[in-house]
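Peer 1: Input target37.txt, format and content: compact mmCIF, C-alpha atoms and all ligand atoms.
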# COMPACT_ATOMS: atom_id res chain seq x y z
CA MET G 16 75.22 56.21 144.47
CA LYS G 17 75.01 58.22 147.62
CA SER G 18 78.22 60.19 146.93
CA GLN G 19 77.03 60.98 143.39
CA ASP G 20 73.75 62.26 144.85
CA SER G 21 75.50 64.57 147.30
CA SER G 22 77.81 65.96 144.62
CA ASN G 23 74.74 66.73 142.47
CA LEU G 24 73.20 68.47 145.44
CA ARG G 25 76.33 70.55 146.03
CA LYS G 26 76.24 71.53 142.36
CA SER G 27 72.59 72.59 142.59
CA ALA G 28 73.32 74.66 145.70
CA GLN G 29 76.13 76.37 143.79
CA THR G 30 73.74 77.13 140.90
CA GLU G 31 71.23 78.62 143.35
CA LEU G 32 73.94 80.72 144.95
CA ASN G 33 74.98 81.97 141.49
CA VAL G 34 71.38 82.99 140.75
CA LEU G 35 71.23 84.77 144.12
CA ARG G 36 74.41 86.66 143.12
CA TYR G 37 72.85 87.73 139.80
CA ILE G 38 69.82 89.04 141.66
CA TYR G 39 72.05 90.89 144.13
CA GLU G 40 74.04 92.46 141.27
CA SER G 41 70.89 93.55 139.40
CA PRO G 42 68.18 94.45 141.91
CA ALA G 43 64.64 94.20 140.48
CA ILE G 44 65.76 91.88 137.68
CA SER G 45 62.90 89.87 136.15
CA ARG G 46 62.82 86.11 135.66
CA VAL G 47 62.94 86.64 131.89
CA GLU G 48 66.13 88.73 132.17
CA LEU G 49 67.68 86.31 134.64
CA ALA G 50 67.46 83.14 132.50
CA PRO G 51 69.87 84.16 129.68
CA GLN G 52 72.36 85.71 132.17
CA SER G 53 72.67 82.51 134.15
CA GLY G 54 72.64 80.18 131.13
CA LEU G 55 69.71 78.19 132.60
CA SER G 56 66.46 77.18 130.92
CA THR G 57 63.37 79.15 131.91
CA GLY G 58 62.00 76.03 133.62
CA ALA G 59 65.13 75.48 135.71
CA MET G 60 65.23 79.18 136.56
CA THR G 61 61.60 79.16 137.73
CA GLY G 62 62.37 76.26 140.09
CA ILE G 63 65.37 78.02 141.59
CA VAL G 64 63.55 81.33 141.99
CA THR G 65 60.67 79.55 143.75
CA SER G 66 63.11 77.85 146.11
CA LEU G 67 64.87 81.15 146.91
CA LEU G 68 61.48 82.83 147.49
CA ASN G 69 60.31 80.01 149.79
CA ARG G 70 63.46 80.28 151.86
CA GLY G 71 63.00 84.03 152.29
CA LEU G 72 66.23 84.93 150.48
CA ILE G 73 64.51 87.02 147.81
CA VAL G 74 61.22 88.89 147.43
CA GLU G 75 59.08 89.87 144.46
CA ASP G 76 58.50 93.51 143.71
CA SER G 77 55.71 94.12 141.21
CA THR G 78 55.88 97.90 141.34
CA ILE G 79 58.53 98.21 138.63
CA PRO G 80 57.21 99.29 135.24
CA SER G 81 58.68 97.45 132.26
CA PRO G 82 60.95 99.88 130.37
CA SER G 83 59.58 99.06 126.92
CA GLN G 84 55.84 98.63 127.45
CA GLY G 85 55.09 100.57 130.61
CA ARG G 86 53.47 97.35 131.80
CA ARG G 87 54.02 96.22 135.37
CA ARG G 88 56.47 93.34 135.66
CA VAL G 89 57.70 91.34 138.62
CA GLY G 90 61.23 92.21 139.71
CA LEU G 91 63.29 90.05 142.04
CA THR G 92 65.36 91.55 144.85
CA LEU G 93 67.24 90.31 147.90
CA ASN G 94 64.92 90.18 150.90
CA PRO G 95 65.58 93.48 152.72
CA THR G 96 64.66 91.96 156.10
CA LEU G 97 67.72 89.66 155.93
CA GLY G 98 69.72 92.45 157.51
CA TYR G 99 71.76 95.60 157.03
CA VAL G 100 75.29 96.49 156.01
CA VAL G 101 77.42 99.58 156.55
CA GLY G 102 79.84 101.06 154.02
CA VAL G 103 82.47 103.49 155.31
CA ASP G 104 84.78 105.71 153.29
CA LEU G 105 87.61 106.74 155.59
CA GLY G 106 88.92 109.47 153.31
CA THR G 107 91.79 111.91 153.70
CA PHE G 108 89.36 114.81 154.13
CA ASN G 109 85.89 113.31 154.62
CA LEU G 110 84.48 110.41 156.58
CA ARG G 111 81.33 109.02 154.95
CA ILE G 112 79.03 106.36 156.32
CA CYS G 113 76.32 104.64 154.29
CA VAL G 114 73.75 102.22 155.73
CA THR G 115 71.79 99.99 153.34
CA ASP G 116 69.63 96.91 153.60
CA LEU G 117 70.61 93.80 151.67
CA SER G 118 68.36 94.73 148.75
CA GLY G 119 70.68 97.72 148.26
CA ARG G 120 68.20 100.35 149.46
CA VAL G 121 70.15 103.24 150.99
CA LEU G 122 68.80 104.30 154.40
CA VAL G 123 71.30 107.02 155.19
CA VAL G 124 74.54 108.59 153.96
CA HIS G 125 76.34 110.70 156.55
CA GLN G 126 79.35 112.92 155.90
CA THR G 127 81.70 114.69 158.31
CA PRO G 128 85.33 115.84 158.17
CA THR G 129 87.67 112.92 158.95
CA ALA G 130 89.94 115.14 161.08
CA MET G 131 92.94 112.89 160.36
CA GLU G 132 95.18 115.29 162.28
CA ARG G 133 93.68 114.02 165.55
CA GLY G 134 95.36 110.67 165.04
CA ARG G 135 94.22 107.12 164.33
CA ALA G 136 92.74 106.27 167.74
CA GLU G 137 90.42 109.26 167.77
CA VAL G 138 89.50 108.93 164.07
CA LEU G 139 88.50 105.28 164.55
CA SER G 140 86.62 105.75 167.82
CA ARG G 141 84.61 108.60 166.27
CA CYS G 142 83.94 106.45 163.20
CA PHE G 143 82.67 103.56 165.37
CA MET G 144 80.52 105.94 167.43
CA LEU G 145 78.95 107.37 164.24
CA ILE G 146 78.19 103.89 162.88
CA ARG G 147 76.32 103.05 166.11
CA GLN G 148 74.54 106.39 166.02
CA LYS G 149 73.34 105.90 162.41
CA LEU G 150 72.12 102.37 163.18
CA ASP G 151 70.24 103.66 166.25
CA GLU G 152 68.65 106.54 164.34
CA ASN G 153 67.33 104.04 161.80
CA ASN G 154 66.11 101.62 164.51
CA ILE G 155 68.44 98.85 163.38
CA PRO G 156 69.22 96.46 166.25
CA ALA G 157 72.77 95.11 166.54
CA SER G 158 71.44 91.63 165.72
CA LEU G 159 70.45 92.76 162.21
CA LEU G 160 73.81 94.32 161.36
CA ARG G 161 75.49 91.79 159.04
CA GLY G 162 78.73 93.40 157.94
CA ILE G 163 80.87 96.51 157.64
CA GLY G 164 83.07 97.47 154.69
CA ILE G 165 85.74 100.15 155.00
CA ALA G 166 87.40 101.99 152.11
CA PHE G 167 90.83 103.51 152.71
CA SER G 168 93.41 105.07 150.41
CA GLY G 169 96.70 103.92 151.92
CA VAL G 170 98.86 100.92 151.12
CA MET G 171 96.91 97.84 152.23
CA ASP G 172 96.95 94.09 152.58
CA THR G 173 93.28 93.70 151.67
CA ARG G 174 93.31 89.92 152.10
CA ASN G 175 94.17 90.27 155.79
CA GLY G 176 92.46 93.63 156.28
CA VAL G 177 95.63 95.38 157.41
CA ILE G 178 96.66 98.95 156.59
CA LEU G 179 100.40 98.76 155.93
CA SER G 180 101.08 102.47 155.55
CA TYR G 181 99.48 105.80 154.78
CA PRO G 182 102.04 107.97 153.02
CA ARG G 183 100.54 111.37 153.86
CA PRO G 184 102.39 114.16 155.66
CA GLY G 185 101.98 113.82 159.44
CA GLN G 186 100.09 110.51 159.15
CA VAL G 187 102.82 107.93 158.61
CA GLU G 188 103.27 107.01 162.30
CA PHE G 189 99.52 106.75 162.99
CA TRP G 190 98.77 104.20 160.27
CA ARG G 191 101.64 101.74 160.16
CA ASN G 192 100.53 98.05 160.25
CA VAL G 193 97.02 98.72 161.58
CA PRO G 194 94.85 95.55 161.67
CA LEU G 195 91.70 97.52 160.75
CA ARG G 196 89.53 94.51 159.90
CA ALA G 197 90.29 92.81 163.24
CA LEU G 198 89.59 96.06 165.13
CA VAL G 199 86.17 96.47 163.46
CA GLU G 200 85.23 92.80 163.87
CA GLU G 201 86.13 92.94 167.56
CA GLU G 202 84.15 96.15 168.05
CA PHE G 203 80.96 95.09 166.22
CA GLY G 204 81.12 91.28 166.11
CA VAL G 205 80.31 91.14 162.39
CA THR G 206 82.26 90.41 159.20
CA CYS G 207 84.41 93.29 157.98
CA ILE G 208 86.27 93.84 154.72
CA VAL G 209 88.82 96.56 154.02
CA GLU G 210 89.27 97.74 150.44
CA ASP G 211 91.06 100.35 148.38
CA SER G 212 88.88 103.46 148.03
CA VAL G 213 89.29 103.58 144.22
CA ARG G 214 87.85 100.06 143.99
CA SER G 215 84.86 101.03 146.12
CA ILE G 216 84.16 104.09 143.92
CA ALA G 217 84.50 101.88 140.83
CA THR G 218 81.96 99.48 142.36
CA SER G 219 79.47 102.36 142.58
CA GLU G 220 80.22 103.28 138.96
CA LYS G 221 79.52 99.66 138.04
CA SER G 222 76.24 99.39 139.96
CA SER G 223 74.76 102.82 139.32
CA GLY G 224 77.15 105.02 137.32
CA ALA G 225 78.88 105.17 133.96
CA GLY G 226 79.99 101.51 134.19
CA ARG G 227 76.53 100.00 134.57
CA ASN G 228 76.33 98.81 130.96
CA PHE G 229 79.87 97.42 130.71
CA SER G 230 81.24 94.07 131.82
CA ASP G 231 84.92 94.85 131.02
CA PHE G 232 86.11 98.31 131.94
CA VAL G 233 88.76 100.24 133.82
CA TYR G 234 87.96 103.04 136.25
CA VAL G 235 90.79 105.59 136.49
CA ASP G 236 90.80 108.00 139.43
CA VAL G 237 93.02 111.07 139.52
CA GLY G 238 92.89 113.08 142.71
CA MET G 239 95.89 113.80 144.87
CA GLY G 240 97.10 110.34 143.77
CA VAL G 241 96.39 108.20 140.69
CA GLY G 242 94.62 104.85 141.00
CA SER G 243 92.49 102.48 139.01
CA ALA G 244 90.17 99.50 139.34
CA VAL G 245 89.72 96.84 136.68
CA PHE G 246 86.46 94.98 136.00
CA ILE G 247 86.73 91.79 133.95
CA SER G 248 83.55 89.87 133.08
CA ASN G 249 81.58 91.96 135.61
CA LYS G 250 83.99 91.10 138.44
CA LEU G 251 86.51 93.33 140.16
CA TYR G 252 89.95 92.01 139.24
CA ARG G 253 92.20 92.01 142.32
CA GLY G 254 95.27 90.14 141.03
CA ALA G 255 97.20 87.34 142.72
CA ASN G 256 97.74 89.20 146.01
CA GLY G 257 95.04 91.84 145.79
CA ASN G 258 97.39 94.51 144.40
CA ALA G 259 96.12 94.84 140.83
CA GLY G 260 95.23 98.24 139.40
CA GLU G 261 98.23 100.34 140.50
CA PHE G 262 97.86 102.49 137.39
CA GLY G 263 99.57 105.42 139.11
CA HIS G 264 102.80 103.46 139.40
CA ILE G 265 103.33 102.36 135.82
CA THR G 266 106.54 103.86 134.44
CA ILE G 267 106.30 106.88 132.15
CA ASP G 268 110.01 107.75 132.22
CA GLU G 269 112.60 105.43 133.74
CA ASP G 270 114.77 108.40 134.72
CA GLY G 271 111.86 110.57 135.79
CA PRO G 272 111.17 112.20 139.18
CA LEU G 273 111.06 110.19 142.42
CA CYS G 274 107.60 108.83 143.25
CA CYS G 275 106.15 108.25 146.76
CA CYS G 276 106.39 104.49 146.07
CA GLY G 277 110.19 104.77 145.94
CA SER G 278 110.48 104.25 142.18
CA HIS G 279 111.28 106.85 139.53
CA GLY G 280 109.11 108.28 136.77
CA CYS G 281 105.73 106.78 137.72
CA LEU G 282 102.57 108.25 136.15
CA GLU G 283 101.59 109.59 139.59
CA ALA G 284 104.85 111.60 139.73
CA PHE G 285 103.81 113.34 136.46
CA ALA G 286 100.05 113.68 136.52
CA SER G 287 98.53 113.58 140.02
CA GLY G 288 96.54 116.52 141.37
CA SER G 289 99.27 117.37 143.87
CA VAL G 290 101.96 117.32 141.16
CA ILE G 291 99.85 119.64 138.95
CA ILE G 292 99.40 122.10 141.82
CA GLU G 293 103.09 121.92 142.71
CA LYS G 294 104.15 122.55 139.09
CA VAL G 295 101.99 125.68 138.88
CA ARG G 296 103.22 126.90 142.26
CA SER G 297 106.86 126.42 141.33
CA ALA G 298 106.42 128.21 137.97
CA LEU G 299 104.83 131.19 139.74
CA THR G 300 107.68 131.27 142.24
CA ARG G 301 110.08 131.46 139.31
CA GLY G 302 108.19 134.48 137.99
CA VAL G 303 106.07 132.95 135.19
CA VAL G 304 103.21 135.31 134.33
CA SER G 305 99.74 133.89 135.04
CA GLN G 306 96.21 135.01 136.00
CA ILE G 307 96.41 132.65 138.95
CA LEU G 308 98.37 135.12 141.11
CA ASP G 309 95.40 137.51 141.00
CA MET G 310 92.88 134.72 141.51
CA VAL G 311 94.55 133.66 144.79
CA ASN G 312 95.52 137.19 145.90
CA ASN G 313 99.21 136.20 145.72
CA ASP G 314 98.66 133.44 148.31
CA LEU G 315 100.21 130.38 146.65
CA ASP G 316 98.75 128.06 149.32
CA LYS G 317 95.29 128.77 147.91
CA ILE G 318 96.05 127.20 144.52
CA SER G 319 93.66 124.33 143.84
CA LEU G 320 92.76 122.16 140.85
CA GLU G 321 89.52 124.15 140.49
CA ILE G 322 91.42 127.44 140.26
CA ILE G 323 93.88 126.02 137.72
CA ALA G 324 90.97 124.66 135.65
CA THR G 325 89.12 127.99 135.75
CA ALA G 326 92.28 129.85 134.69
CA ALA G 327 92.81 127.37 131.84
CA GLU G 328 89.27 128.08 130.59
CA ARG G 329 90.22 131.77 130.53
CA ASN G 330 93.19 130.90 128.28
CA ASP G 331 95.80 131.20 131.00
CA SER G 332 98.75 129.66 129.26
CA LEU G 333 100.55 128.23 132.34
CA SER G 334 97.36 126.54 133.61
CA TYR G 335 96.35 125.22 130.21
CA ARG G 336 99.79 123.78 129.45
CA THR G 337 100.13 122.15 132.88
CA LEU G 338 96.75 120.42 132.55
CA ILE G 339 97.44 119.34 128.95
CA GLU G 340 100.80 117.89 130.01
CA ALA G 341 99.04 115.81 132.67
CA ALA G 342 96.35 114.76 130.18
CA THR G 343 99.08 113.73 127.71
CA HIS G 344 100.66 111.41 130.28
CA ILE G 345 97.29 109.98 131.38
CA GLY G 346 96.28 109.56 127.72
CA ALA G 347 99.48 107.73 126.76
CA ALA G 348 99.15 105.44 129.78
CA SER G 349 95.47 104.89 128.89
CA ALA G 350 96.54 103.78 125.40
CA ASP G 351 98.72 101.16 127.11
CA LEU G 352 95.68 100.03 129.10
CA VAL G 353 93.66 99.73 125.89
CA ASN G 354 96.39 97.66 124.23
CA LEU G 355 96.89 95.45 127.27
CA LEU G 356 93.27 94.78 128.31
CA ASN G 357 91.08 95.73 125.31
CA PRO G 358 88.38 97.09 127.67
CA GLU G 359 84.93 98.18 126.49
CA SER G 360 85.39 101.44 128.34
CA ILE G 361 87.70 103.54 130.49
CA ILE G 362 85.87 105.74 132.98
CA TYR G 363 87.66 108.76 134.44
CA GLY G 364 86.84 110.19 137.87
CA GLY G 365 88.36 111.97 140.84
CA ALA G 366 89.13 115.59 141.70
CA LEU G 367 91.09 116.37 138.51
CA PHE G 368 88.25 115.22 136.23
CA ARG G 369 85.66 117.03 138.32
CA ALA G 370 87.71 120.25 137.99
CA ALA G 371 88.49 120.09 134.25
CA PRO G 372 86.24 117.37 132.76
CA SER G 373 86.08 118.15 129.05
CA LEU G 374 89.56 119.65 128.71
CA MET G 375 91.10 116.46 130.15
CA LEU G 376 88.81 113.94 128.46
CA ASP G 377 89.01 115.48 124.97
CA HIS G 378 92.80 115.44 125.05
CA ILE G 379 92.95 111.88 126.43
CA LYS G 380 90.60 110.74 123.62
CA ARG G 381 92.98 112.18 121.02
CA LEU G 382 95.98 110.49 122.64
CA VAL G 383 94.29 107.10 122.85
CA ARG G 384 93.20 107.31 119.20
CA HIS G 385 96.78 108.15 118.16
CA ARG G 386 98.65 105.68 120.33
CA ALA G 387 96.53 102.55 120.88
CA MET G 388 96.17 99.75 118.31
CA GLU G 389 93.53 100.78 115.80
CA LYS G 390 90.71 98.27 116.39
CA ALA G 391 90.75 98.48 120.17
CA ALA G 392 91.16 102.28 120.05
CA ASN G 393 88.16 102.67 117.73
CA ASP G 394 85.93 100.53 119.93
CA VAL G 395 86.84 101.70 123.44
CA VAL G 396 84.39 104.19 124.98
CA LEU G 397 86.08 106.89 127.07
CA LEU G 398 83.71 108.44 129.60
CA LEU G 399 83.55 110.62 132.69
CA ALA G 400 82.43 109.12 135.99
CA GLU G 401 78.82 109.78 137.00
CA THR G 402 78.76 109.10 140.73
CA SER G 403 79.19 111.74 143.44
CA GLY G 404 81.39 112.14 146.52
CA ASP G 405 79.62 109.43 148.52
CA ALA G 406 80.39 106.75 145.87
CA GLY G 407 83.13 105.27 148.07
CA ALA G 408 80.82 104.59 151.04
CA ARG G 409 77.99 103.33 148.79
CA GLY G 410 80.41 101.07 146.92
CA MET G 411 81.69 99.59 150.19
CA ALA G 412 78.13 98.76 151.26
CA ARG G 413 77.73 96.85 147.96
CA LEU G 414 81.06 95.06 148.36
CA ILE G 415 80.44 93.92 151.94
CA GLY G 416 76.93 92.75 150.97
CA GLU G 417 78.42 90.73 148.13
CA SER G 418 81.03 89.18 150.40
CA ILE G 419 78.50 87.95 153.00
CA LEU G 420 76.02 86.60 150.43
CA GLU G 421 77.28 83.03 150.66
CA GLN G 422 77.16 83.12 154.48
CA ILE G 423 73.50 84.24 154.35
CA PHE G 424 72.69 81.63 151.70
CA ARG G 425 74.17 78.85 153.88
CA GLU G 426 72.10 79.95 156.88
CA LYS G 427 68.93 79.52 154.84
CA GLU G 428 69.92 76.30 153.15
CA PRO G 429 67.53 73.37 153.67
CA ASP G 430 69.02 70.32 155.33
CA ARG G 431 69.87 68.62 152.04
CA GLN G 432 71.79 65.69 153.46
CA SER G 433 68.91 64.55 155.64
CA ASP G 434 66.46 65.08 152.75
CA SER G 435 68.55 62.87 150.50
CA SER G 436 69.06 60.16 153.13
CA SER G 437 65.32 60.09 153.89
CA ALA G 438 64.68 59.71 150.15
CA LEU G 439 67.11 56.83 150.06
CA ARG G 440 65.54 55.06 153.03
ZN ZN U 501 105.25 105.16 142.03
Translate this file's structure into structure tokens.

Peer 2:
Amino acid sequence: MKSQDSSNLRKSAQTELNVLRYIYESPAISRVELAPQSGLSTGAMTGIVTSLLNRGLIVEDSTIPSPSQGRRRVGLTLNPTLGYVVGVDLGTFNLRICVTDLSGRVLVVHQTPTAMERGRAEVLSRCFMLIRQKLDENNIPASLLRGIGIAFSGVMDTRNGVILSYPRPGQVEFWRNVPLRALVEEEFGVTCIVEDSVRSIATSEKSSGAGRNFSDFVYVDVGMGVGSAVFISNKLYRGANGNAGEFGHITIDEDGPLCCCGSHGCLEAFASGSVIIEKVRSALTRGVVSQILDMVNNDLDKISLEIIATAAERNDSLSYRTLIEAATHIGAASADLVNLLNPESIIYGGALFRAAPSLMLDHIKRLVRHRAMEKAANDVVLLLAETSGDAGARGMARLIGESILEQIFREKEPDRQSDSSSALR
């Protein structure tokens, strides 16, 4: 009797935690919207919401107008006074820090050059100093800091929070087997998670960008590398060991060029931003005629994706063909994604898509229509990303908030065991 009671109680706590997660994922959601999402009756939902309100886990916000009627409705949000989280994007070029409260309200986003060339120790100590500075400026005491999430673009063991390597020129020695999570937890005394930067950007696309209306989608990022993040049933899919989504390393040509991963003919070796720039540079060196030489005053180091995209718009044949070749490879690989996962959408972001958005997307759309199985190809929506450069830091703040939700829920849990034993007495 008693054990059955306690298992029922555990189940009800799990249901409450699930409702809390729905509210976290959709700030300002109304009770009416919440019931169908959670599969609970309106009555059961009302009871749970009242319990979460009484325990100070959520608050009501009646200032949100209803989208259809313009009438005021009551939205539910995580209680902002529960604490604050910090999202960090430790990027190759820029370091971005975002502080939010647990309701998701952004207090500050700060950006500064990462200055990777100064080495790991200096990069990290400056990063920690800036986190403290931003908390101070916003009058957030250390006791209210609940967690820190860090996005990085190297090879990582995300489960253990360790950076295994960072295959960038001049950086390899600095970032080999760095226990980043342990370093941050020791420094700040709060929970830390370390995540791939493409996944953190995709999380921003999911919460406030082009992915907000999709539950199953793939975010593809093409910058100097090629990466992706997969959402299945509204959840980031990490795979068995946390390594899912290595879209850049699917094989395009078994005998193709060597890739930085050690394999041959990966998509990244054909279509990354650095490969595109290198192809153009090498063609110019061989004497191919192009407007680009004039655009960079014969300085081949100045060639960028933006310059190649601008030249392509002006019908520069070398630039146009190089971009279309990359789009062809990305499009063919996207067709494979469509066949394999049948996503609602693929969302394309990163430096290449910011430089040449419509040229790339239009060509990829054609390829997917030609190469993917008909039904899935007709239904998949191919879109450009909507978030900006600070999406990585914002996404990390969301991810760390999500990962400490259960911890916060447990702290506010009523003493169920003693309740149930007193009822039994
Ligand atoms: Zn590879």

Peer 1: At what distance in Å, to one decimal, does CA of Lys250 in chain G lie from CA of Leu398 in chain G?

Peer 2: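 Here the two named atoms are 19.5 Å from each other.
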
Peer 1: Check the smallest atom-to-atom distance from each of G:Ala244, G:Val89, G:Leu72, G:Leu338 to Leu49 in chain G using all atoms listed in the file, then report the winner.

Peer 2: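 Between G:Ala244, G:Val89, G:Leu72, G:Leu338, the residue approaching Leu49 in chain G most closely is G:Val89.
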
Peer 1: With 8 Å added on each side, what axis-aligned box encloses every listed atom of range 340-352 of chain G? Give the centre and edge lengths in Å to one decimal, as lines of an AutoDock Vina configuration file.

Peer 2:
center_x = 98.1
center_y = 109.0
center_z = 129.0
size_x = 21.3
size_y = 33.9
size_z = 23.3

Peer 1: When distances are computed from all atoms listed in the file, which of G:Asp268, G:Glu340, G:Glu293, G:Glu428 shows the smallest separation from ligand ZN 501 (chain U)?

Peer 2: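 Looking at the shortest contact to ligand ZN 501 (chain U), the residue is G:Asp268.
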
Peer 1: Measuring between all atoms listed in the file, which one of G:Ser319, G:Asn313, G:Thr266, G:Ser403 shows the shortest distance to ligand ZN 501 (chain U)?

Peer 2: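 Looking only at the distances to ligand ZN 501 (chain U), the closest residue turns out to be G:Thr266.
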
Peer 1: All residues within 12 Å of ligand ZN 501 (chain U) are required, counting all atoms listed in the file; please report them as number ranges by chain.

Peer 2: G: 170, 182, 240-242, 261-269, 271-287

Peer 1: Ranking G:Leu160, G:Ile112, G:Asp172, G:Val64 by minimum distance to Leu145 in chain G and counting only C-alpha atoms, which one comes first?

Peer 2: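 Nearest to Leu145 in chain G: G:Ile112.
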
Peer 1: Could you work out how far CA of Ile339 in chain G lies from CA of Asn354 in chain G, giving the answer in Å with one decimal?

Peer 2: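 One can read the CA of Asn354 in chain G to CA of Ile339 in chain G distance as 22.2 Å.
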
Peer 1: Which is closer to Tyr99 in chain G than all the others in G:Gly410, G:Gly257, G:Gly416, G:Gly204, using only C-alpha atoms?

Peer 2: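 Between G:Gly410, G:Gly257, G:Gly416, G:Gly204, the residue approaching Tyr99 in chain G most closely is G:Gly416.
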